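Undergrad: For reference, the file start_21.txt (compact mmCIF, C-alpha atoms) is included below:
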# COMPACT_ATOMS: atom_id res chain seq x y z
CA ALA M 1 -44.96 64.67 -75.61
CA ASN M 2 -46.77 67.38 -77.63
CA PRO M 3 -45.63 66.16 -81.07
CA LEU M 4 -46.70 62.65 -80.11
CA ARG M 5 -50.06 63.89 -78.91
CA LEU M 6 -50.72 65.67 -82.22
CA TYR M 7 -49.66 62.60 -84.15
CA LEU M 8 -51.93 60.35 -82.12
CA THR M 9 -54.86 62.72 -82.57
CA CYS M 10 -54.32 62.55 -86.31
CA ILE M 11 -54.27 58.75 -86.16
CA ARG M 12 -57.47 58.73 -84.15
CA ASN M 13 -59.26 60.96 -86.61
CA THR M 14 -58.10 58.83 -89.52
CA LEU M 15 -59.26 55.65 -87.83
CA GLU M 16 -62.65 57.17 -87.10
CA ALA M 17 -63.12 57.78 -90.79
CA ALA M 18 -61.56 54.54 -92.03
CA MET M 19 -63.31 52.05 -89.79
CA CYS M 20 -66.55 51.69 -91.75
CA LEU M 21 -66.18 48.03 -92.74
CA GLN M 22 -69.15 45.86 -93.58
CA ASN M 23 -69.68 42.32 -94.65
CA PHE M 24 -70.43 42.19 -98.40
CA PRO M 25 -70.42 39.22 -100.74
CA CYS M 26 -68.03 39.30 -103.64
CA GLN M 27 -69.71 40.74 -106.68
CA GLU M 28 -67.58 38.75 -109.12
CA VAL M 29 -67.47 35.25 -107.73
CA GLU M 30 -70.53 33.55 -106.32
CA ARG M 31 -70.42 32.58 -102.65
CA HIS M 32 -67.06 34.28 -102.15
CA ASN M 33 -66.39 36.93 -99.63
CA LYS M 34 -63.09 38.64 -100.21
CA PRO M 35 -61.20 41.30 -98.25
CA GLU M 36 -61.77 44.15 -100.61
CA VAL M 37 -59.70 46.49 -98.60
CA GLU M 38 -56.65 44.41 -99.54
CA LEU M 39 -57.62 43.65 -103.07
CA LYS M 40 -58.47 47.20 -103.95
CA THR M 41 -56.03 50.00 -103.83
CA SER M 42 -57.21 51.19 -100.44
CA PRO M 43 -54.40 50.21 -98.07
CA GLU M 44 -55.12 48.30 -94.90
CA LEU M 45 -54.53 50.19 -91.73
CA LEU M 46 -50.88 50.97 -91.48
CA LEU M 47 -48.81 52.50 -88.71
CA ASN M 48 -46.05 54.91 -89.40
CA PRO M 49 -42.76 53.82 -87.86
CA VAL M 50 -42.31 54.75 -84.22
CA LYS M 51 -39.82 57.59 -83.98
CA GLN M 52 -36.31 56.22 -83.46
CA ALA M 53 -33.73 58.63 -82.22
CA ASP M 54 -30.60 56.49 -82.04
CA GLU M 55 -29.28 52.98 -82.58
CA LEU M 56 -30.30 51.73 -79.15
CA GLU M 57 -33.88 52.95 -79.63
CA ASN M 58 -33.78 51.45 -83.10
CA ILE M 59 -32.92 47.95 -81.95
CA LEU M 60 -35.22 48.11 -78.93
CA THR M 61 -38.10 49.15 -81.22
CA LYS M 62 -37.38 46.42 -83.74
CA LYS M 63 -37.01 43.75 -81.04
CA PHE M 64 -40.15 44.76 -79.20
CA LEU M 65 -42.39 45.12 -82.23
CA ARG M 66 -41.12 41.86 -83.67
CA PHE M 67 -41.79 40.22 -80.31
CA LEU M 68 -45.37 41.49 -80.38
CA SER M 69 -45.90 40.60 -84.04
CA MET M 70 -44.83 37.00 -83.38
CA ARG M 71 -47.63 36.85 -80.83
CA ALA M 72 -50.16 38.56 -83.09
CA GLU M 73 -52.89 36.04 -82.32
CA ALA M 74 -53.11 37.44 -78.79
CA PHE M 75 -54.05 40.83 -80.23
CA GLN M 76 -56.46 39.63 -82.93
CA VAL M 77 -56.12 42.83 -84.95
CA LEU M 78 -52.34 42.67 -85.24
CA ARG M 79 -50.65 41.35 -88.36
CA ARG M 80 -48.01 38.67 -87.83
CA LYS M 81 -45.85 40.14 -90.55
CA PRO M 82 -45.69 43.90 -90.95
CA VAL M 83 -46.15 45.40 -94.38
CA GLN M 84 -42.83 45.93 -96.10
CA GLY M 85 -41.20 49.14 -95.05
CA TYR M 86 -43.01 49.34 -91.71
CA ASP M 87 -42.33 48.07 -88.21
CA ILE M 88 -45.81 46.88 -87.34
CA SER M 89 -49.18 46.52 -89.07
CA PHE M 90 -52.75 46.12 -87.91
CA LEU M 91 -55.38 44.37 -89.97
CA ILE M 92 -58.96 45.17 -89.07
CA THR M 93 -61.67 43.26 -90.88
CA ASN M 94 -65.40 43.73 -91.02
CA TYR M 95 -65.69 40.92 -88.50
CA HIS M 96 -63.73 42.89 -85.98
CA CYS M 97 -65.95 45.88 -86.60
CA GLU M 98 -69.00 43.71 -85.97
CA GLU M 99 -67.65 42.02 -82.83
CA MET M 100 -65.99 45.00 -81.21
CA GLN M 101 -67.09 48.50 -80.47
CA LYS M 102 -65.56 50.85 -83.01
CA HIS M 103 -64.58 53.66 -80.66
CA LYS M 104 -63.02 51.20 -78.22
CA LEU M 105 -61.05 49.58 -81.01
CA ILE M 106 -59.71 52.97 -82.02
CA ASP M 107 -58.90 53.71 -78.38
CA PHE M 108 -57.03 50.43 -78.20
CA ILE M 109 -54.88 51.17 -81.22
CA VAL M 110 -54.07 54.71 -80.13
CA GLN M 111 -53.35 53.51 -76.59
CA PHE M 112 -51.21 50.71 -78.00
CA MET M 113 -49.06 53.18 -79.84
CA GLU M 114 -48.73 55.36 -76.77
CA ASP M 115 -47.78 52.37 -74.67
CA ILE M 116 -45.18 51.21 -77.20
CA ASP M 117 -43.56 54.62 -77.28
CA LYS M 118 -43.56 54.80 -73.50
CA GLU M 119 -42.21 51.28 -73.11
CA ILE M 120 -39.35 51.87 -75.52
CA SER M 121 -38.38 55.09 -73.73
CA GLU M 122 -38.44 53.29 -70.39
CA LEU M 123 -36.52 50.34 -71.77
CA LYS M 124 -33.84 52.60 -73.16
CA LEU M 125 -33.56 54.42 -69.86
CA SER M 126 -33.31 51.11 -67.99
CA VAL M 127 -30.61 49.77 -70.29
CA ASN M 128 -28.57 52.92 -69.85
CA THR M 129 -29.12 52.92 -66.08
CA ARG M 130 -28.00 49.32 -65.81
CA GLY M 131 -24.91 50.16 -67.85
CA ARG M 132 -24.18 53.08 -65.57
CA ILE M 133 -24.45 50.92 -62.45
CA VAL M 134 -22.13 48.29 -63.89
CA ALA M 135 -19.65 50.96 -65.00
CA THR M 136 -19.71 52.53 -61.53
CA GLU M 137 -19.08 49.22 -59.79
CA PHE M 138 -16.28 48.36 -62.19
CA LEU M 139 -14.46 51.66 -61.74
CA LYS M 140 -14.92 51.50 -57.96
CA GLN M 141 -12.62 48.48 -57.95
CA PHE M 142 -9.72 50.72 -58.92
CA ILE M 143 -10.03 53.26 -56.11
CA MET X 144 -10.35 34.97 -70.29
CA ALA X 145 -10.43 35.22 -66.56
CA CYS X 146 -13.61 34.88 -64.57
CA PHE X 147 -14.82 36.98 -61.69
CA GLU X 148 -14.00 34.44 -58.98
CA ARG X 149 -10.29 33.96 -58.44
CA ALA X 150 -10.62 30.69 -56.60
CA SER X 151 -11.89 27.68 -58.52
CA PRO X 152 -15.03 26.55 -56.65
CA ALA X 153 -14.60 22.90 -57.64
CA LEU X 154 -10.94 22.80 -56.64
CA LYS X 155 -11.69 24.53 -53.36
CA GLU X 156 -14.39 22.00 -52.54
CA ILE X 157 -12.10 19.04 -53.13
CA LEU X 158 -9.21 20.51 -51.15
CA LEU X 159 -11.53 21.35 -48.25
CA LYS X 160 -12.88 17.82 -48.32
CA ILE X 161 -9.37 16.37 -48.15
CA HIS X 162 -8.32 18.74 -45.39
CA ARG X 163 -11.39 18.00 -43.27
CA ALA X 164 -11.33 14.23 -43.75
CA GLU X 165 -10.93 12.40 -40.47
CA LYS X 166 -8.83 9.69 -42.01
CA PRO X 167 -6.57 9.60 -45.08
CA MET X 168 -8.52 9.21 -48.31
CA GLU X 169 -7.78 8.08 -51.84
CA VAL X 170 -8.40 10.87 -54.35
CA ASP X 171 -7.59 10.93 -58.04
CA HIS X 172 -9.72 13.70 -59.48
CA ASN X 173 -9.64 15.68 -62.72
CA ILE X 174 -11.34 19.07 -63.03
CA HIS X 175 -11.91 20.88 -66.32
CA GLU X 176 -12.94 24.53 -66.38
CA PHE X 177 -13.68 27.05 -69.12
CA GLY X 178 -12.80 24.49 -71.75
CA SER X 179 -9.06 24.86 -71.31
CA VAL X 180 -8.08 24.87 -67.63
CA ASN X 181 -7.32 21.45 -66.14
CA TYR X 182 -6.56 20.46 -62.58
CA HIS X 183 -5.51 17.08 -61.28
CA VAL X 184 -5.77 16.37 -57.55
CA GLN X 185 -4.23 13.22 -56.17
CA CYS X 186 -3.70 11.87 -52.69
CA SER X 187 -3.36 8.36 -51.37
CA ALA X 188 -3.66 6.60 -48.03
CA SER X 189 -0.06 5.41 -48.39
CA GLU X 190 1.20 9.01 -48.32
CA PRO X 191 -1.36 10.65 -46.05
CA LEU X 192 0.52 13.89 -45.42
CA TYR X 193 0.73 15.06 -48.99
CA THR X 194 -1.68 15.97 -51.76
CA TYR X 195 -0.48 16.56 -55.29
CA LEU X 196 -2.10 19.33 -57.31
CA SER X 197 -1.26 19.72 -61.00
CA ILE X 198 -2.51 22.51 -63.23
CA SER X 199 -2.59 23.16 -66.93
CA THR X 200 -3.86 26.53 -68.17
CA PRO X 201 -3.52 28.75 -71.22
CA LEU X 202 -1.14 31.54 -70.34
CA LEU X 203 -1.26 35.22 -71.06
CA SER X 204 1.04 35.13 -74.03
CA GLN X 205 2.92 37.91 -75.64
CA GLY X 206 2.80 38.51 -79.36
CA SER X 207 1.42 35.96 -81.77
CA GLN X 208 2.97 32.91 -80.16
CA LEU X 209 0.88 31.17 -77.57
CA SER X 210 3.10 30.27 -74.69
CA SER X 211 2.76 27.23 -72.45
CA GLU X 212 5.81 27.50 -70.21
CA LEU X 213 5.71 29.20 -66.86
CA GLN X 214 8.16 32.04 -66.49
CA PRO X 215 10.44 32.41 -63.46
CA HIS X 216 8.51 35.41 -62.10
CA THR X 217 5.30 33.36 -62.34
CA LEU X 218 6.86 30.52 -60.35
CA TYR X 219 8.08 33.06 -57.83
CA MET X 220 4.53 34.38 -57.35
CA VAL X 221 3.13 30.85 -57.06
CA LYS X 222 5.65 30.06 -54.30
CA GLY X 223 4.42 33.10 -52.43
CA ILE X 224 0.83 31.81 -52.17
CA CYS X 225 1.36 29.56 -49.14
CA PRO X 226 5.10 28.95 -48.86
CA ASP X 227 4.79 26.76 -45.73
CA VAL X 228 2.24 24.48 -47.28
CA MET X 229 3.22 24.05 -50.90
CA GLU X 230 6.32 22.92 -52.71
CA ILE X 231 6.86 23.00 -56.46
CA ILE X 232 7.68 19.59 -57.89
CA LYS X 233 10.00 19.32 -60.87
CA PRO X 234 9.40 18.08 -63.42
CA PRO X 235 5.62 18.63 -63.34
CA LYS X 236 3.25 15.75 -64.00
CA GLN X 237 3.07 14.91 -67.68
CA GLY X 238 0.52 17.02 -69.51
CA TYR X 239 0.60 19.76 -66.89
CA GLN X 240 2.65 22.92 -66.52
CA LEU X 241 2.93 22.84 -62.76
CA THR X 242 2.70 20.27 -60.00
CA LEU X 243 2.50 21.26 -56.35
CA LYS X 244 2.99 19.10 -53.29
CA LEU X 245 0.61 20.29 -50.58
CA ASN X 246 1.19 19.46 -46.94
CA PHE X 247 -2.21 19.74 -45.31
CA ALA X 248 -0.74 18.99 -41.89
CA ARG X 249 0.59 22.54 -41.98
CA ILE X 250 -2.86 24.01 -42.46
CA PRO X 251 -4.44 24.56 -39.04
CA HIS X 252 -7.99 23.43 -38.40
CA ASN X 253 -9.46 26.85 -37.72
CA LYS X 254 -10.73 29.89 -39.59
CA VAL X 255 -7.34 30.41 -41.21
CA SER X 256 -7.68 27.11 -43.10
CA MET X 257 -10.50 28.49 -45.29
CA LYS X 258 -8.37 31.43 -46.37
CA MET X 259 -5.35 29.26 -47.09
CA ILE X 260 -7.31 26.75 -49.14
CA THR X 261 -9.02 29.60 -51.00
CA ASP X 262 -5.60 31.06 -51.79
CA ILE X 263 -4.36 27.70 -53.08
CA SER X 264 -7.52 27.32 -55.19
CA SER X 265 -6.72 30.70 -56.77
CA ILE X 266 -3.55 29.38 -58.34
CA GLN X 267 -4.82 29.79 -61.90
CA ALA X 268 -5.59 33.46 -61.20
CA VAL X 269 -2.07 33.93 -59.80
CA ILE X 270 -0.50 32.40 -62.89
CA LEU X 271 -2.66 34.45 -65.21
CA SER X 272 -2.01 37.70 -63.34
CA SER X 273 1.72 37.32 -62.95
CA GLN X 274 2.77 38.50 -66.37
CA LEU X 275 0.54 41.55 -66.41
CA LYS X 276 1.67 42.42 -62.87
CA ASP X 277 5.25 42.30 -64.02
CA LEU X 278 4.44 44.75 -66.83
CA LEU X 279 2.37 47.15 -64.73
CA ARG X 280 4.95 47.31 -61.93
CA LYS X 281 7.19 49.19 -64.30
CA VAL X 282 4.70 51.98 -64.88
CA ASP X 283 6.85 54.58 -63.18
CA SER X 284 10.11 53.30 -64.50
CA GLN X 285 12.27 56.14 -65.79
CA GLU X 286 14.12 53.72 -67.96
CA VAL X 287 13.70 54.62 -71.59
CA SER X 288 13.85 51.43 -73.55
CA ARG X 289 13.03 50.26 -77.02
CA GLU X 290 9.76 49.01 -75.68
CA ILE X 291 8.37 52.41 -74.82
CA TYR X 292 5.39 53.34 -77.03
CA LYS X 293 5.56 49.90 -78.65
CA PRO X 294 2.30 47.97 -78.19
CA ILE X 295 2.62 44.58 -76.49
CA LYS X 296 -0.09 42.20 -77.57
CA LEU X 297 -1.32 39.91 -74.79
CA ILE X 298 -3.36 36.84 -75.65
CA TYR X 299 -5.21 34.58 -73.28
CA HIS X 300 -8.07 33.58 -75.51
CA PRO X 301 -7.05 33.65 -79.22
CA ARG X 302 -10.10 35.73 -80.21
CA GLU X 303 -9.66 38.25 -77.39
CA PRO X 304 -6.20 39.76 -77.47
CA PHE X 305 -5.59 43.10 -75.86
CA PHE X 306 -2.70 45.54 -75.95
CA VAL X 307 -0.53 47.16 -73.34
CA ILE X 308 1.50 50.22 -74.32
CA LYS X 309 4.13 51.63 -72.03
CA GLN X 310 4.32 55.42 -72.13
CA LEU X 311 5.96 58.05 -69.97
CA ARG X 312 4.48 57.75 -66.47
CA LYS X 313 1.57 55.54 -67.55
CA ILE X 314 0.67 52.29 -69.21
CA THR X 315 -2.32 52.18 -71.54
CA ALA X 316 -4.35 48.99 -71.86
CA VAL X 317 -6.38 48.85 -75.08
CA PHE X 318 -9.19 46.35 -75.64
CA PRO X 319 -10.44 45.83 -79.21
CA MET X 320 -14.10 44.90 -78.91
CA ARG X 321 -15.87 42.48 -81.23
CA PHE X 322 -19.28 40.88 -81.07
CA LYS X 323 -21.11 38.43 -83.27
CA GLU X 324 -24.48 40.19 -83.30
CA ASN X 325 -25.41 43.78 -84.01
CA THR X 326 -27.65 43.93 -80.93
CA ASP X 327 -24.67 43.07 -78.75
CA VAL X 328 -22.61 45.78 -80.43
CA ILE X 329 -25.21 48.42 -79.67
CA ILE X 330 -25.75 47.34 -76.06
CA ALA X 331 -22.00 47.24 -75.49
CA THR X 332 -21.48 50.62 -77.12
CA ALA X 333 -24.13 52.15 -74.86
CA PHE X 334 -22.26 50.63 -71.91
CA PHE X 335 -18.93 52.07 -73.07
CA GLN X 336 -20.51 55.53 -73.32
CA GLU X 337 -21.69 55.18 -69.72
CA LEU X 338 -18.23 53.96 -68.69
CA MET X 339 -16.65 57.08 -70.16
CA ASP X 340 -19.30 59.29 -68.64
CA VAL X 341 -18.94 57.82 -65.14
CA GLY X 342 -15.16 57.78 -65.42
CA SER X 343 -15.01 61.47 -66.25
CA SER X 344 -17.07 62.43 -63.20
CA GLY X 345 -15.35 63.92 -60.15
CA THR X 346 -16.13 60.89 -57.99
CA PHE X 347 -13.90 58.69 -60.12
CA ALA X 348 -11.05 61.10 -60.68
CA LYS X 349 -8.72 58.51 -59.14
CA ALA X 350 -9.87 55.67 -61.40
CA PRO X 351 -7.96 55.00 -64.63
CA HIS X 352 -8.92 57.42 -67.36
CA CYS X 353 -11.16 55.53 -69.76
CA ILE X 354 -11.83 56.27 -73.43
CA TRP X 355 -13.98 54.49 -75.98
CA SER X 356 -13.29 55.11 -79.65
CA PRO X 357 -14.92 53.58 -82.73
CA ILE X 358 -11.57 53.74 -84.53
CA PRO X 359 -8.18 52.38 -83.45
CA PRO X 360 -6.35 54.70 -81.05
CA PRO X 361 -3.10 56.28 -82.33
CA GLU X 362 -1.07 54.03 -80.02
CA LEU X 363 -1.99 51.03 -82.18
CA ARG X 364 -0.88 52.55 -85.44
CA GLY X 365 1.14 50.00 -87.38
CA GLU X 366 -0.47 46.92 -85.83
CA PRO X 367 -1.78 44.18 -88.18
CA ILE X 368 -5.13 44.95 -89.76
CA GLU X 369 -6.76 41.83 -88.32
CA ASP X 370 -6.09 43.18 -84.81
CA LEU X 371 -7.57 46.56 -85.68
CA SER X 372 -10.75 45.30 -87.33
CA THR X 373 -13.57 45.53 -84.84
CA ASN X 374 -17.29 46.24 -84.84
CA ALA X 375 -17.54 47.78 -81.38
CA GLY X 376 -14.52 50.03 -81.23
CA PHE X 377 -11.70 50.17 -78.72
CA VAL X 378 -11.75 50.73 -74.97
CA SER X 379 -8.59 52.16 -73.41
CA PHE X 380 -7.56 52.52 -69.77
CA ASP X 381 -4.64 54.65 -68.60
CA ILE X 382 -2.93 52.98 -65.66
CA THR X 383 -0.71 55.21 -63.54
CA SER X 384 1.40 54.57 -60.50
CA ARG X 385 -1.49 55.21 -58.10
CA HIS X 386 -3.34 52.19 -59.57
CA VAL X 387 -0.49 49.77 -58.91
CA GLU X 388 0.59 50.82 -55.42
CA GLY X 389 0.64 48.02 -52.89
CA LYS X 390 -2.49 45.87 -52.91
CA LYS X 391 -4.03 47.89 -55.73
CA LEU X 392 -1.76 46.16 -58.25
CA ASP X 393 -3.54 42.87 -57.75
CA LYS X 394 -6.99 44.45 -58.14
CA THR X 395 -6.00 46.48 -61.19
CA VAL X 396 -4.56 43.43 -62.92
CA TRP X 397 -7.60 41.34 -62.11
CA ASN X 398 -9.99 44.04 -63.33
CA LEU X 399 -8.15 44.34 -66.63
CA LEU X 400 -8.01 40.57 -67.12
CA ASN X 401 -11.75 40.36 -66.44
CA PHE X 402 -12.80 43.26 -68.65
CA TYR X 403 -13.90 41.16 -71.62
CA THR X 404 -15.79 38.80 -69.34
CA LEU X 405 -17.50 41.73 -67.62
CA VAL X 406 -18.66 43.25 -70.89
CA LYS X 407 -19.95 39.95 -72.25
CA TYR X 408 -21.77 39.20 -69.03
CA HIS X 409 -23.36 42.65 -69.01
CA VAL X 410 -24.51 42.31 -72.63
CA LYS X 411 -25.96 38.86 -72.01
CA SER X 412 -27.80 39.89 -68.86
CA THR X 413 -29.13 43.03 -70.57
CA ARG X 414 -30.57 40.93 -73.36
CA GLY X 415 -32.25 38.72 -70.79
CA TYR X 416 -33.60 41.80 -69.03
CA ILE X 417 -35.04 43.20 -72.28
CA GLN X 418 -36.73 39.86 -72.99
CA ARG X 419 -38.28 39.72 -69.52
CA ARG X 420 -39.61 43.24 -69.77
CA MET X 421 -41.11 42.62 -73.18
CA ARG X 422 -42.86 39.54 -71.87
CA MET X 423 -44.30 41.48 -68.92
CA ARG X 424 -45.44 44.31 -71.17
CA LEU X 425 -47.11 41.88 -73.54
CA GLU X 426 -49.34 40.65 -70.74
CA SER X 427 -50.49 44.16 -69.87
CA LEU X 428 -51.07 45.12 -73.52
CA VAL X 429 -53.15 42.02 -74.22
CA GLN X 430 -55.35 42.62 -71.20
CA VAL X 431 -56.73 45.82 -72.76
CA LEU X 432 -58.16 44.10 -75.84
CA PRO X 433 -60.99 42.04 -74.29
CA GLU X 434 -62.48 45.27 -72.95
CA THR X 435 -63.21 46.41 -76.52
Kindly present the structure from the file in structure tokens form.

TA:
Amino acid sequence: ANPLRLYLTCIRNTLEAAMCLQNFPCQEVERHNKPEVELKTSPELLLNPVKQADELENILTKKFLRFLSMRAEAFQVLRRKPVQGYDISFLITNYHCEEMQKHKLIDFIVQFMEDIDKEISELKLSVNTRGRIVATEFLKQFI
Amino acid sequence: MACFERASPALKEILLKIHRAEKPMEVDHNIHEFGSVNYHVQCSASEPLYTYLSISTPLLSQGSQLSSELQPHTLYMVKGICPDVMEIIKPPKQGYQLTLKLNFARIPHNKVSMKMITDISSIQAVILSSQLKDLLRKVDSQEVSREIYKPIKLIYHPREPFFVIKQLRKITAVFPMRFKENTDVIIATAFFQELMDVGSSGTFAKAPHCIWSPIPPPELRGEPIEDLSTNAGFVSFDITSRHVEGKKLDKTVWNLLNFYTLVKYHVKSTRGYIQRRMRMRLESLVQVLPET
């Protein structure tokens, strides 16, 4: 829990600094308003992969994050397709910064990551527990 | 592959209906199960006492040849189901391996009738189990034959063969495990780890010793490469004399025959469980966003 806490604190601090988006017309093309964060070299907000200890955690993570990404519209700030090399990506635009409260948006993202980590741990435990119950019932038949 | 229920539910329902009918009825019914098991039930008003039951089923074959003929020990076990009620008709009805003549007048109309009809409806399980029973009965045999240590390949479903190896004082059953999807492989592998873990606990000291290995066990050395190519390893059970004493023989055989089915069912239901949980979690995660 401590390593995760430190990691999440780092994410929070980074988000605090990064979320300073404003609406600004394109300086090169009249009446255009382009996402400069994407067009420039500054990367959009990216998440580092959730820690994956073994194959079961690996597939549970991939399945769950893919499941959420496919329903990205429900989250507004989630990207339907993660950036290559990552499991999940958020995209926060200036519109989001205008419509939502910045500190609450940051809280949401940090909480989201905590919840994902917790859910995957619980899912893995449940899968193993189910397997254990089935194994127990199967072996009971022999005695 | 076998299924968890020994008695065919559809066959049981028809036989119960015939037995309980107040007057003789005309029945000419075909039942198809699992894509390869066929039953034919026939009775007529002109011969009210008798019902004819024919069955065709893939057999547990040995080696690479799929067998379709019932062996004498199988017929002997079939006769033992309800000897007062059933009689084997030779030759069997065309297209079937076995035809039985059932005399329902000999089944009393009380609680016993349900058990007898259930036993008759389990005929496919009896046929399927008979060969493996014959093999496992010899677990304690002191006879040293050419067959000792030589793997016997048993095939019910062509894609799911398993091996039985007779050794001194035990018989090892080895199941090569294969799945189409990587997710299934990982879920199954996690299950096999639990199986080994539970099996090695003190509570299950009397259960067959169970091992999972990602590579072929030494007992299968020399077998064709196509039989040893798997993506989910090999599960082995050591069957000793205590697992085949008396009524335990039937249970042990049935458990082994159902092992593939059990694993597949567990994998499928685990996938469904994961999906349900993800859906539930999605709802709770989405609820947080409007509050921003």

Undergrad: Could you list the residues in chain X lying within 7 Å of chain M, using all atoms listed in the file, and format the result as a PyMOL selection string?

TA: chain X and resi 326+329+333-334+337-338+341+349-350+386+394-395+413+421+429+432+435

Undergrad: Record the distance separating atom CA of X:Leu196 and atom CA of X:Lys166, expressed in Å with one decimal.

TA: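 Spanning atom CA of X:Leu196 to atom CA of X:Lys166 is a straight-line distance of 19.3 Å.
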
Undergrad: Would you list the contacts of X:Ile382 as a compact mmCIF listing (two decimals) with C-alpha atoms, keeping the file's coordinate frame, taking every protein, DNA or RNA residue within 12 Å and counting all atoms listed in the file, but skipping same-chain residues closer than 6 positions in sequence?

TA:
# COMPACT_ATOMS: atom_id res chain seq x y z
CA PHE M 142 -9.72 50.72 -58.92
CA ILE M 143 -10.03 53.26 -56.11
CA LEU X 275 0.54 41.55 -66.41
CA LYS X 276 1.67 42.42 -62.87
CA LEU X 278 4.44 44.75 -66.83
CA LEU X 279 2.37 47.15 -64.73
CA ARG X 280 4.95 47.31 -61.93
CA LYS X 281 7.19 49.19 -64.30
CA VAL X 282 4.70 51.98 -64.88
CA ASP X 283 6.85 54.58 -63.18
CA VAL X 307 -0.53 47.16 -73.34
CA ILE X 308 1.50 50.22 -74.32
CA LYS X 309 4.13 51.63 -72.03
CA GLN X 310 4.32 55.42 -72.13
CA LEU X 311 5.96 58.05 -69.97
CA ARG X 312 4.48 57.75 -66.47
CA LYS X 313 1.57 55.54 -67.55
CA ILE X 314 0.67 52.29 -69.21
CA THR X 315 -2.32 52.18 -71.54
CA ALA X 316 -4.35 48.99 -71.86
CA VAL X 317 -6.38 48.85 -75.08
CA LYS X 349 -8.72 58.51 -59.14
CA ALA X 350 -9.87 55.67 -61.40
CA PRO X 351 -7.96 55.00 -64.63
CA HIS X 352 -8.92 57.42 -67.36
CA CYS X 353 -11.16 55.53 -69.76
CA GLU X 388 0.59 50.82 -55.42
CA LYS X 391 -4.03 47.89 -55.73
CA LEU X 392 -1.76 46.16 -58.25
CA THR X 395 -6.00 46.48 -61.19
CA VAL X 396 -4.56 43.43 -62.92
CA ASN X 398 -9.99 44.04 -63.33
CA LEU X 399 -8.15 44.34 -66.63

Undergrad: Quick one: residues within 10 Å of M:Lys81, all atoms listed in the file counted, chain neighbours fewer than 6 positions away excluded, as a ChimeraX atom specification?

TA: /M:66,69-70,72,87-90

Undergrad: Which is closest to X:Asn246 among X:Arg302, X:Lys222, X:His162, X:Lys293, if we use only C-alpha atoms?

TA: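 Looking only at the distances to X:Asn246, the closest residue turns out to be X:His162.
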
Undergrad: Using only C-alpha atoms, which of the listed residues (X:Leu271, X:Lys233, X:Val228, X:Tyr239) sits closest to X:Pro251?

TA: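 The closest residue to X:Pro251 is X:Val228.
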
Undergrad: Residues within 6 Å of X:Tyr182, please, as a PyMOL selection string. Count only C-alpha atoms; anything in the same chain fewer than 2 positions from it doesn't count.

TA: chain X and resi 173-174+197-198

Undergrad: Which polymer residues have any atom within 7 Å of an atom of stretch 153-157 of chain X, counting all atoms listed in the file, with same-chain residues fewer than 2 positions away left out, as an NGL selection string?

TA: :X and (151 or 159-161 or 260-261 or 264)

Undergrad: Adding 6 Å on each side of the box along x, y and z that holds all listed atoms of stretch 8-12 of chain M, could you give its centre and edge lengths in Å to one decimal, as lines of an AutoDock Vina configuration file?

TA:
center_x = -54.7
center_y = 60.7
center_z = -84.2
size_x = 17.5
size_y = 16.0
size_z = 16.2

Undergrad: Between atom CA of X:Glu190 and atom CA of X:Glu169, what is the distance in Å, rounded to a tenth?

TA: 9.7 Å

Undergrad: Compare X:Glu303, X:Asp393, X:Glu362, X:Asp227 by their minimum atom-to-atom distance to X:Ser379, counting all atoms listed in the file, and give me the closest one.

TA: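 Answer, going by the shortest atom-to-atom distance: X:Glu362.
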
Undergrad: One decimal, Å: what's the distance from atom CA of X:Met339 over to atom CA of X:Phe380, could you say?

TA: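 Separating atom CA of X:Met339 from atom CA of X:Phe380 is a distance of 10.2 Å.
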
Undergrad: Show which residues sit within 9 Å of X:Thr332, as a VMD selection string. Count only C-alpha atoms, and ignore same-chain residues fewer than 5 positions away.

TA: chain X and resid 327 337 355 375 to 376

Undergrad: Out of M:Ser121, M:Thr61, M:Glu137, M:Glu114, which residue has the shortest atom-to-atom distance to M:Arg5 when counting all atoms listed in the file?

TA: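 Using all atoms listed in the file, the shortest distance to M:Arg5 belongs to M:Glu114.
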
Undergrad: Using all atoms listed in the file, which of M:Leu78, M:Val110, M:Met19, M:Leu8 sits nearest M:Cys97?

TA: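 Among M:Leu78, M:Val110, M:Met19, M:Leu8, it is M:Met19 that comes nearest to M:Cys97.
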